[in-house]
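**Student:** Have a look at the structure that comes next, please.
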Amino acid sequence: MAIAAYQKCINPACEAEFDTNQAIFKCPKCGDLLDIRYDWNKVEVPNKLSDFGKRWATRDNRLDFSGVWRFRNLLDFCADEYKVSIGEGQTLLQRNDKIAAAIGMDAGCVHLEYEGMNPSGSFKDNGMTAALSHAMMIGAKSCACASTGNTSAAVALYAHSCGLKCTVFIGSGRIAFGKLSQAMDYGAHTIQIAGDFDDCMKQVQDVCSELGIYLLNSLNPFRLEGQKTIMYRIMEGLNWEVPDWIVVPGGNLGNSSAFGKAFAELLELGLIKKAPKLAIINASGAKTLSYLVNDRKLTWNNGDVNMTEINALYSDYTAKNFSPRTCASAIEISRPVNLKKCLRALDTCGGAVIDVPDNEILDAKAMIGKYGLGCEPASAATIAGLKHLIADGTIDKSARVTCVLTGHVLKDSDATVNYHKDEAGEFSNPPVEVANNLDDIIKLVTG
Ligand SMILES: *Cc1c(COP(=O)(O)O)cnc(C)c1O
Ligand SMILES: [Zn+2]
């Protein structure tokens with residue numbers, strides 16, 4: 001067991017390989033990102049994806065119940081005895097014709113994948129169940145992460161459930177209260193650093209390597225293995241068909257990277273014939289990817305990514321003391337750690353990257369709330385972005401599109417309440433005040 005999986009540096013000029021019993025997270029030879037790779041000859045892969053659906057019949061087996069481990073053959077790096085699961089991935093793919101109509105798409109063409117239904121209320125649980133399983137497999141005793149909020153909530157919940165000590169680093173004043181409250185409630189040692197997410201990300205890497213603590217940011221390639229399953233569940237929701245487009249918000253770019261890897265592997269295995277296109281949406285106040293791809297024409301370039309371009313931008317950020325700003329706190333990131341893997345995903349799938357301003361994100365969020373299941377601001381960047389991509393013809397109105405709603409509506413209730421109280425929004429729905437008087441109340445209710 002676990003012989004089929006190994007770690008491999010993504011840099012084609014290096015390609016160093018390591019076994020999965022190590023927690024290294026960056027190539028010790030060249031410093032680049034690592035992938036989990038499989039020797040598919042040693043893995044039992046079903047002949048067709050729909051075979052995974054048969055595991056619904058045996059869901060009294062906790063691994064078949066899990067929306068991540070139901071697909072365990074495609075992330076076969078860990079023996080079953082180490083697998084940690086608290087019922088993640090019970091998510092819903094919802095067809096939404098009202099939203100389709102509102103943004104000019106045909107009926108049946110917009111689907112929402114609501115990852116808010118995970119145990120800690122965001123898609124991060126897909127990654128944490130995988131990474132914490134790896135942590136258990138290698139006997140880690142304590143773990144840590146930097147977080148804009150949801151990572152800390154998921155880490156705290158999963159670490160608690162498998163008895164690991166857990167420390168989370170958050171930027172001061174940058175976290176939505178719903179998420180902070182979870183980290184505290186699930187018993188994480190919560191450290192608020194005077195800085196933003198990118199500062200926390202740098203500190204946590206140094207702390208983890210100095211103290212030998214297991215790192216749970218999406219630099220951790222095992223996390224991305226779990227996040228691949230979001231794509232498998234979307235296909236499951238479409239009767240095992242591949243949509244035309246996947247739309248996802250882009251922060252640290254772990255999700256987009258994982259999605260690209262999922263489709264690259266399914267193509268390699270012959271389980272799908274073509275990959276969907278990927279639309280990655282930044283917030284305008286944190287648009288590193290959008291700038292680099294659209295304005296600087298940065299591409300994967302067979303792994304030889306133009307680092308001069310990236311370093312110039314980051315030096316400029318440093319010189320200007322730039323800190324990203326958006327109401328979508330989950331994607332308020334200026335130096336995305338998975339940038340190179342995300343460029344690779346765009347190379348595999350093709351697609352588009354755009355950025356959208358906060359007011360459009362909040363209007364889209366309220367529309368999803370009104371017509372869908374609700375979500376937090378970062379998740380709504382998907383619909384805000386899709387609206388542009390339909391309007392400018394990048395995506396056809398009859399294309400089958402799936403938007404990943406990454407986090408639950410209750411994560412950031414401040415954002416929701418503030419939007420609706422301010423009547424300027426397209427969907428503002430403020431509470432109405434009335435005297436404690438029956439006639440007045442009846443007038444209001446019937447008016
Ligand atoms: C983490 C997070 C994101 C960003 O995902 P990346 O994989 O870092 O790009 C988007 N939305 C929500 C709700 C998140 O928690
Ligand atoms: Zn390397």
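Just remember, in the structure tokens the first chain shown is A, the second B, etc., residues are 1-based per chain, and ligands are 1-based in the order shown.
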Please provide the set of residues having any atom within 10 Å of Lys54 (chain A), restricted to only C-alpha atoms, with same-chain residues fewer than 5 positions apart removed, written as a list of chain:residue names.
**Tutor:**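 Neighbouring residues, sequence-local ones excluded: A:Leu49, A:Arg59, A:Asp64, A:Arg70.
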**Student:** Can you list every residue in region 219-370 of chain A that DSSP puts in strand (DSSP E), as a list in words?
**Tutor:** Trp245, Ile246, Val247, Val248, Pro249, Lys277, Leu278, Ala279, Ile280, Ile281, Asn282, Ala283, Gly351, Ala352, Val353, Ile354, Asp355 and Val356 of chain A
**Student:** Write out as a ChimeraX atom specification the residues lying within 12 Å of Ile234 (chain A), counting only C-alpha atoms and excluding same-chain residues fewer than 2 positions away.
**Tutor:** /A:49,67,89-95,111-115,227-232,236-247,259,262,276,400-405
**Student:** Neighbours of ligand 2 within 7 Å, counting only C-alpha atoms and all ligand atoms, as number ranges by chain?
**Tutor:** A: 9-11, 14-16, 27-32
**Student:** Compare A:Ala101, A:Val204, A:Met117, A:Ile442 by their minimum atom-to-atom distance to Val409 (chain A), counting only C-alpha atoms, and give me the closest one.
**Tutor:**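 The answer is A:Met117, which sits nearest to Val409 (chain A).
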**Student:** Which is closer to ligand 1 than all the others in A:Gln205, A:Thr288, A:Thr446, A:Ser315, using only C-alpha atoms and all ligand atoms?
**Tutor:** A:Thr288
**Student:** What lies within 8 Å of region 145-156 of chain A using only C-alpha atoms, ignoring chain neighbours under 2 positions off, as a PyMOL selection string?
**Tutor:** chain A and resi 120+122+124-125+128+143+158-160+166-171+174-176+179-180+182-183+186-188+197+200-201+204+215-217+329-332
**Student:** Go ahead and save the picked residues with C-alpha atoms, as a compact mmCIF listing (two decimals), in the first residue's frame.
**Tutor:**
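result.txt written:
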```
# COMPACT_ATOMS: atom_id res chain seq x y z
CA SER A 120 -16.77 23.30 8.47
CA SER A 122 -16.25 25.45 3.00
CA LYS A 124 -11.38 23.37 2.40
CA ASP A 125 -12.62 20.19 4.14
CA MET A 128 -8.05 18.69 4.97
CA CYS A 143 0.10 20.98 12.56
CA TYR A 158 -10.02 18.04 11.37
CA ALA A 159 -6.98 18.33 13.68
CA HIS A 160 -9.29 18.14 16.67
CA CYS A 166 -3.06 22.76 15.89
CA THR A 167 -1.89 26.36 15.48
CA VAL A 168 -3.40 28.83 13.04
CA PHE A 169 -1.94 32.15 11.87
CA ILE A 170 -4.32 34.87 10.76
CA GLY A 171 -3.75 38.44 9.64
CA ARG A 174 -8.61 40.42 7.97
CA ILE A 175 -10.82 37.52 8.98
CA ALA A 176 -14.61 37.17 8.85
CA LYS A 179 -14.48 31.76 10.50
CA LEU A 180 -12.56 33.13 13.49
CA GLN A 182 -14.85 28.34 14.34
CA ALA A 183 -11.07 28.29 14.88
CA TYR A 186 -12.68 23.91 17.61
CA GLY A 187 -9.78 24.56 19.97
CA ALA A 188 -7.05 25.85 17.68
CA PHE A 197 -2.32 36.82 4.65
CA CYS A 200 1.23 34.93 7.65
CA MET A 201 2.01 32.56 4.79
CA VAL A 204 4.07 29.79 8.92
CA LEU A 215 2.05 22.42 7.27
CA LEU A 216 -1.54 22.51 6.03
CA ASN A 217 -1.59 25.30 3.48
CA SER A 329 -11.55 38.07 2.27
CA ALA A 330 -11.02 34.43 1.25
CA ILE A 331 -9.31 35.57 -1.95
CA GLU A 332 -7.51 38.62 -0.51
```
**Student:** 6 Å from ligand 1 is the threshold here; counting only C-alpha atoms and all ligand atoms, which polymer residues fall inside it? Answer as an mmCIF file with C-alpha atoms, in the first residue's frame.
**Tutor:**
```cif
data_model
loop_
_atom_site.group_PDB
_atom_site.id
_atom_site.type_symbol
_atom_site.label_atom_id
_atom_site.label_comp_id
_atom_site.auth_asym_id
_atom_site.auth_seq_id
_atom_site.Cartn_x
_atom_site.Cartn_y
_atom_site.Cartn_z
ATOM 1 C CA SER A 122 -16.248 25.452 2.996
ATOM 2 C CA ASN A 150 -11.674 28.984 6.125
ATOM 3 C CA PRO A 249 -12.692 32.001 -7.476
ATOM 4 C CA GLY A 250 -8.916 32.360 -7.400
ATOM 5 C CA GLY A 251 -7.074 33.090 -4.146
ATOM 6 C CA ASN A 252 -4.020 30.992 -3.343
ATOM 7 C CA LEU A 253 -4.977 29.014 -6.492
ATOM 8 C CA GLY A 254 -5.053 25.606 -4.829
ATOM 9 C CA ASN A 255 -8.500 24.762 -6.157
ATOM 10 C CA ALA A 330 -11.022 34.428 1.249
ATOM 11 C CA ILE A 331 -9.306 35.567 -1.947
ATOM 12 C CA ALA A 378 -15.436 35.068 -2.507
ATOM 13 C CA SER A 379 -17.734 32.341 -3.857
ATOM 14 C CA THR A 406 -16.664 27.670 -2.159
ATOM 15 C CA GLY A 407 -18.064 28.766 1.201
#
```
**Student:** Of the candidates A:Gly87, A:Gly350, A:Pro324, A:Gly127, which one gets nearest to Asp196 (chain A) if we count only C-alpha atoms?
**Tutor:** A:Pro324
**Student:** Expressed in Å to a single decimal, how great is the separation between CA of Cys109 (chain A) and CA of Ala384 (chain A)?
**Tutor:** 15.9 Å
**Student:** For Glu268 (chain A), which of A:Ala364, A:Ala23, A:Val68, A:Val45 is the closest residue, counting only C-alpha atoms?
**Tutor:**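 Using only C-alpha atoms, the shortest distance to Glu268 (chain A) belongs to A:Val45.
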**Student:** Can you pull out every residue within 10 Å of Asn73 (chain A), counting only C-alpha atoms, but drop anything in the same chain fewer than 6 positions away, and send it as an NGL selection string?
**Tutor:** :A and (40 or 43-46 or 52)
**Student:** Which residue gives the smallest distance to Lys8 (chain A) among A:Ala286, A:Phe222, A:Ser50, A:Ala131, with only C-alpha atoms counted?
**Tutor:**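 Answer, going by the shortest atom-to-atom distance: A:Phe222.
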**Student:** Let me make sure I understand: among A:Lys370, A:Lys297, A:Arg72, A:Lys421, which one has the smallest atom-to-atom distance to Val353 (chain A) if we use only C-alpha atoms?
**Tutor:**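 Looking at the shortest contact to Val353 (chain A), the residue is A:Lys297.
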**Student:** Mind giving me the straight-line distance from CA of Ala57 (chain A) to CA of Leu267 (chain A) in Å, one decimal?
**Tutor:** 27.0 Å
**Student:** Run DSSP on the backbone of this structure and report the residues of region 109-229 of chain A it assigns to helix (DSSP H, G or I), as a CSV table (one decimal) with N, CA and C atoms, in the first residue's frame.
**Tutor:**
```csv
chain,number,residue,atom,x,y,z
A,115,GLU,N,-20.3,24.0,-2.0
A,115,GLU,CA,-19.3,23.4,-1.1
A,115,GLU,C,-19.5,23.9,0.3
A,116,GLY,N,-20.4,24.8,0.5
A,116,GLY,CA,-20.7,25.3,1.9
A,116,GLY,C,-21.3,24.2,2.7
A,117,MET,N,-21.8,23.1,2.1
A,117,MET,CA,-22.4,22.0,2.9
A,117,MET,C,-21.4,21.1,3.5
A,124,LYS,N,-12.7,23.7,1.8
A,124,LYS,CA,-11.4,23.4,2.4
A,124,LYS,C,-11.4,22.0,3.0
A,125,ASP,N,-12.5,21.5,3.5
A,125,ASP,CA,-12.6,20.2,4.1
A,125,ASP,C,-12.2,19.1,3.2
A,126,ASN,N,-12.4,19.2,1.9
A,126,ASN,CA,-12.0,18.2,0.9
A,126,ASN,C,-10.5,18.0,1.0
A,127,GLY,N,-9.8,19.1,1.2
A,127,GLY,CA,-8.3,19.1,1.2
A,127,GLY,C,-7.8,18.6,2.6
A,128,MET,N,-8.5,19.0,3.6
A,128,MET,CA,-8.0,18.7,5.0
A,128,MET,C,-8.2,17.2,5.3
A,129,THR,N,-9.3,16.6,4.8
A,129,THR,CA,-9.4,15.2,5.1
A,129,THR,C,-8.3,14.4,4.5
A,130,ALA,N,-7.8,14.8,3.3
A,130,ALA,CA,-6.7,14.2,2.6
A,130,ALA,C,-5.3,14.5,3.3
A,131,ALA,N,-5.1,15.8,3.6
A,131,ALA,CA,-3.8,16.1,4.2
A,131,ALA,C,-3.7,15.6,5.7
A,132,LEU,N,-4.8,15.6,6.4
A,132,LEU,CA,-4.7,15.1,7.8
A,132,LEU,C,-4.5,13.6,7.8
A,133,SER,N,-5.0,13.0,6.8
A,133,SER,CA,-4.8,11.5,6.6
A,133,SER,C,-3.3,11.2,6.4
A,134,HIS,N,-2.7,12.1,5.6
A,134,HIS,CA,-1.3,11.9,5.3
A,134,HIS,C,-0.5,12.2,6.6
A,135,ALA,N,-1.0,13.3,7.4
A,135,ALA,CA,-0.3,13.6,8.6
A,135,ALA,C,-0.3,12.4,9.6
A,136,MET,N,-1.5,11.7,9.7
A,136,MET,CA,-1.6,10.5,10.5
A,136,MET,C,-0.7,9.4,10.0
A,137,MET,N,-0.7,9.3,8.7
A,137,MET,CA,0.2,8.2,8.1
A,137,MET,C,1.6,8.4,8.5
A,150,ASN,N,-11.1,30.3,6.3
A,150,ASN,CA,-11.7,29.0,6.1
A,150,ASN,C,-10.7,27.9,6.3
A,151,THR,N,-9.4,28.1,5.9
A,151,THR,CA,-8.4,27.1,6.2
A,151,THR,C,-8.3,26.8,7.6
A,152,SER,N,-8.3,27.9,8.4
A,152,SER,CA,-8.1,27.7,9.9
A,152,SER,C,-9.3,26.9,10.5
A,153,ALA,N,-10.5,27.2,10.0
A,153,ALA,CA,-11.7,26.5,10.5
A,153,ALA,C,-11.6,25.1,10.1
A,154,ALA,N,-11.2,24.7,8.9
A,154,ALA,CA,-11.1,23.3,8.5
A,154,ALA,C,-10.0,22.6,9.2
A,155,VAL,N,-8.9,23.2,9.3
A,155,VAL,CA,-7.7,22.6,10.0
A,155,VAL,C,-8.1,22.3,11.5
A,156,ALA,N,-8.7,23.3,12.1
A,156,ALA,CA,-9.0,23.2,13.5
A,156,ALA,C,-10.0,22.0,13.7
A,157,LEU,N,-11.0,21.9,12.8
A,157,LEU,CA,-12.0,20.9,13.0
A,157,LEU,C,-11.4,19.5,12.8
A,158,TYR,N,-10.6,19.4,11.7
A,158,TYR,CA,-10.0,18.0,11.4
A,158,TYR,C,-8.9,17.7,12.3
A,159,ALA,N,-8.1,18.6,12.7
A,159,ALA,CA,-7.0,18.3,13.7
A,159,ALA,C,-7.6,17.8,15.0
A,160,HIS,N,-8.6,18.5,15.4
A,160,HIS,CA,-9.3,18.1,16.7
A,160,HIS,C,-9.8,16.7,16.6
A,161,SER,N,-10.4,16.4,15.4
A,161,SER,CA,-11.0,15.1,15.3
A,161,SER,C,-10.0,13.9,15.2
A,177,PHE,N,-15.8,37.0,11.0
A,177,PHE,CA,-16.0,36.5,12.3
A,177,PHE,C,-16.5,35.1,12.4
A,178,GLY,N,-17.3,34.7,11.4
A,178,GLY,CA,-17.8,33.3,11.3
A,178,GLY,C,-16.7,32.3,11.3
A,179,LYS,N,-15.6,32.7,10.6
A,179,LYS,CA,-14.5,31.8,10.5
A,179,LYS,C,-13.6,31.8,11.7
A,180,LEU,N,-13.3,33.0,12.3
A,180,LEU,CA,-12.6,33.1,13.5
A,180,LEU,C,-13.2,32.4,14.6
A,181,SER,N,-14.6,32.5,14.7
A,181,SER,CA,-15.3,31.8,15.8
A,181,SER,C,-15.1,30.3,15.7
A,182,GLN,N,-15.0,29.8,14.5
A,182,GLN,CA,-14.8,28.3,14.3
A,182,GLN,C,-13.5,27.9,14.8
A,183,ALA,N,-12.4,28.7,14.5
A,183,ALA,CA,-11.1,28.3,14.9
A,183,ALA,C,-11.0,28.2,16.4
A,184,MET,N,-11.6,29.2,17.0
A,184,MET,CA,-11.6,29.3,18.5
A,184,MET,C,-12.4,28.1,19.1
A,185,ASP,N,-13.6,27.9,18.5
A,185,ASP,CA,-14.5,26.9,19.1
A,185,ASP,C,-13.9,25.5,18.9
A,197,PHE,N,-2.5,38.3,4.9
A,197,PHE,CA,-2.3,36.8,4.7
A,197,PHE,C,-0.9,36.5,4.1
A,198,ASP,N,-0.4,37.3,3.2
A,198,ASP,CA,0.9,36.9,2.6
A,198,ASP,C,2.0,36.9,3.7
A,199,ASP,N,1.9,37.8,4.7
A,199,ASP,CA,2.8,37.9,5.8
A,199,ASP,C,2.7,36.6,6.6
A,200,CYS,N,1.5,36.2,6.9
A,200,CYS,CA,1.2,34.9,7.7
A,200,CYS,C,1.8,33.7,6.9
A,201,MET,N,1.6,33.7,5.6
A,201,MET,CA,2.0,32.6,4.8
A,201,MET,C,3.5,32.4,4.9
A,202,LYS,N,4.2,33.5,4.9
A,202,LYS,CA,5.7,33.4,5.0
A,202,LYS,C,6.1,32.9,6.3
A,203,GLN,N,5.5,33.5,7.4
A,203,GLN,CA,5.9,33.1,8.8
A,203,GLN,C,5.6,31.6,9.0
A,204,VAL,N,4.4,31.2,8.6
A,204,VAL,CA,4.1,29.8,8.9
A,204,VAL,C,5.0,28.8,8.3
A,205,GLN,N,5.5,29.1,7.1
A,205,GLN,CA,6.5,28.2,6.4
A,205,GLN,C,7.8,28.1,7.2
A,206,ASP,N,8.2,29.3,7.7
A,206,ASP,CA,9.5,29.3,8.5
A,206,ASP,C,9.2,28.6,9.9
A,207,VAL,N,8.1,28.8,10.5
A,207,VAL,CA,7.8,28.2,11.8
A,207,VAL,C,7.8,26.7,11.6
A,208,CYS,N,7.1,26.2,10.6
A,208,CYS,CA,6.9,24.8,10.4
A,208,CYS,C,8.2,24.1,10.1
A,209,SER,N,9.1,24.7,9.2
A,209,SER,CA,10.3,24.0,8.9
A,209,SER,C,11.2,24.1,10.2
A,210,GLU,N,11.2,25.1,10.9
A,210,GLU,CA,12.1,25.2,12.1
A,210,GLU,C,11.7,24.2,13.2
A,211,LEU,N,10.4,24.1,13.4
A,211,LEU,CA,9.9,23.3,14.5
A,211,LEU,C,9.4,21.9,14.1
A,221,PRO,N,0.8,19.3,-1.1
A,221,PRO,CA,0.2,18.7,-2.3
A,221,PRO,C,-0.8,17.6,-2.0
A,222,PHE,N,-0.8,17.1,-0.8
A,222,PHE,CA,-1.8,16.1,-0.4
A,222,PHE,C,-3.2,16.8,-0.3
A,223,ARG,N,-3.2,18.0,0.2
A,223,ARG,CA,-4.5,18.7,0.2
A,223,ARG,C,-5.1,18.8,-1.1
A,224,LEU,N,-4.3,19.1,-2.1
A,224,LEU,CA,-4.9,19.3,-3.5
A,224,LEU,C,-5.5,17.9,-4.0
A,225,GLU,N,-4.9,16.8,-3.6
A,225,GLU,CA,-5.5,15.5,-4.0
A,225,GLU,C,-7.0,15.4,-3.5
A,226,GLY,N,-7.2,15.9,-2.3
A,226,GLY,CA,-8.6,15.8,-1.8
A,226,GLY,C,-9.5,16.8,-2.6
A,227,GLN,N,-9.0,17.9,-3.0
A,227,GLN,CA,-9.8,18.9,-3.7
A,227,GLN,C,-10.1,18.5,-5.1
A,229,THR,N,-11.6,15.9,-5.8
A,229,THR,CA,-12.8,15.2,-5.8
A,229,THR,C,-14.0,16.1,-6.1
```
**Student:** For Ile383 (chain A), list every protein, DNA or RNA residue within 9 Å, evaluated using only C-alpha atoms, and leave out those in the same chain fewer than 3 positions away; present the list as a ChimeraX atom specification.
**Tutor:** /A:99,103,247,361,364-365,367-368,379-380,386-388,403
**Student:** Next, write the just-selected residues to a file, as a PDB file, in the first residue's frame, keeping N, CA, C and O atoms as the atom set.
**Tutor:**
```
ATOM      1  N   ILE A  99     -30.838  32.061 -12.106  1.00  0.00           N
ATOM      2  CA  ILE A  99     -29.566  32.763 -12.276  1.00  0.00           C
ATOM      3  C   ILE A  99     -29.173  32.753 -13.751  1.00  0.00           C
ATOM      4  O   ILE A  99     -28.704  33.761 -14.288  1.00  0.00           O
ATOM      5  N   ILE A 103     -28.414  36.279 -15.972  1.00  0.00           N
ATOM      6  CA  ILE A 103     -27.134  36.669 -16.584  1.00  0.00           C
ATOM      7  C   ILE A 103     -27.092  36.363 -18.081  1.00  0.00           C
ATOM      8  O   ILE A 103     -26.041  36.403 -18.705  1.00  0.00           O
ATOM      9  N   VAL A 247     -16.223  27.317 -13.275  1.00  0.00           N
ATOM     10  CA  VAL A 247     -15.890  28.676 -12.836  1.00  0.00           C
ATOM     11  C   VAL A 247     -15.554  28.633 -11.349  1.00  0.00           C
ATOM     12  O   VAL A 247     -16.321  28.090 -10.547  1.00  0.00           O
ATOM     13  N   ILE A 361     -19.289  41.719  -6.956  1.00  0.00           N
ATOM     14  CA  ILE A 361     -19.242  40.481  -6.165  1.00  0.00           C
ATOM     15  C   ILE A 361     -20.417  40.459  -5.185  1.00  0.00           C
ATOM     16  O   ILE A 361     -21.110  39.445  -5.037  1.00  0.00           O
ATOM     17  N   ALA A 364     -23.740  39.934  -6.944  1.00  0.00           N
ATOM     18  CA  ALA A 364     -23.853  38.526  -7.348  1.00  0.00           C
ATOM     19  C   ALA A 364     -24.153  37.646  -6.138  1.00  0.00           C
ATOM     20  O   ALA A 364     -24.956  36.709  -6.211  1.00  0.00           O
ATOM     21  N   LYS A 365     -23.524  37.987  -5.017  1.00  0.00           N
ATOM     22  CA  LYS A 365     -23.758  37.208  -3.797  1.00  0.00           C
ATOM     23  C   LYS A 365     -25.234  37.278  -3.386  1.00  0.00           C
ATOM     24  O   LYS A 365     -25.853  36.259  -3.045  1.00  0.00           O
ATOM     25  N   MET A 367     -27.727  37.885  -5.348  1.00  0.00           N
ATOM     26  CA  MET A 367     -28.543  37.160  -6.342  1.00  0.00           C
ATOM     27  C   MET A 367     -28.507  35.646  -6.062  1.00  0.00           C
ATOM     28  O   MET A 367     -29.534  34.975  -6.128  1.00  0.00           O
ATOM     29  N   ILE A 368     -27.322  35.164  -5.731  1.00  0.00           N
ATOM     30  CA  ILE A 368     -27.216  33.731  -5.402  1.00  0.00           C
ATOM     31  C   ILE A 368     -28.026  33.427  -4.147  1.00  0.00           C
ATOM     32  O   ILE A 368     -28.694  32.391  -4.052  1.00  0.00           O
ATOM     33  N   SER A 379     -17.053  33.320  -3.003  1.00  0.00           N
ATOM     34  CA  SER A 379     -17.734  32.341  -3.857  1.00  0.00           C
ATOM     35  C   SER A 379     -18.537  33.028  -4.954  1.00  0.00           C
ATOM     36  O   SER A 379     -18.683  32.501  -6.068  1.00  0.00           O
ATOM     37  N   ALA A 380     -19.074  34.195  -4.624  1.00  0.00           N
ATOM     38  CA  ALA A 380     -19.939  34.914  -5.563  1.00  0.00           C
ATOM     39  C   ALA A 380     -19.152  35.560  -6.689  1.00  0.00           C
ATOM     40  O   ALA A 380     -19.724  35.945  -7.715  1.00  0.00           O
ATOM     41  N   LEU A 386     -18.794  35.228 -14.339  1.00  0.00           N
ATOM     42  CA  LEU A 386     -19.517  34.554 -15.429  1.00  0.00           C
ATOM     43  C   LEU A 386     -20.341  35.557 -16.233  1.00  0.00           C
ATOM     44  O   LEU A 386     -20.401  35.483 -17.466  1.00  0.00           O
ATOM     45  N   LYS A 387     -20.945  36.493 -15.519  1.00  0.00           N
ATOM     46  CA  LYS A 387     -21.753  37.517 -16.169  1.00  0.00           C
ATOM     47  C   LYS A 387     -20.927  38.259 -17.233  1.00  0.00           C
ATOM     48  O   LYS A 387     -21.381  38.463 -18.353  1.00  0.00           O
ATOM     49  N   HIS A 388     -19.704  38.627 -16.877  1.00  0.00           N
ATOM     50  CA  HIS A 388     -18.821  39.293 -17.853  1.00  0.00           C
ATOM     51  C   HIS A 388     -18.454  38.364 -19.012  1.00  0.00           C
ATOM     52  O   HIS A 388     -18.432  38.786 -20.167  1.00  0.00           O
ATOM     53  N   CYS A 403     -20.470  26.555 -11.511  1.00  0.00           N
ATOM     54  CA  CYS A 403     -19.767  27.491 -10.629  1.00  0.00           C
ATOM     55  C   CYS A 403     -19.555  26.843  -9.267  1.00  0.00           C
ATOM     56  O   CYS A 403     -20.496  26.302  -8.687  1.00  0.00           O
TER      57      CYS A 403
END
```
**Student:** So how far away is CA of His408 (chain A) from CA of Leu373 (chain A), in Å?
**Tutor:**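 CA of His408 (chain A) lies 8.6 Å from CA of Leu373 (chain A).
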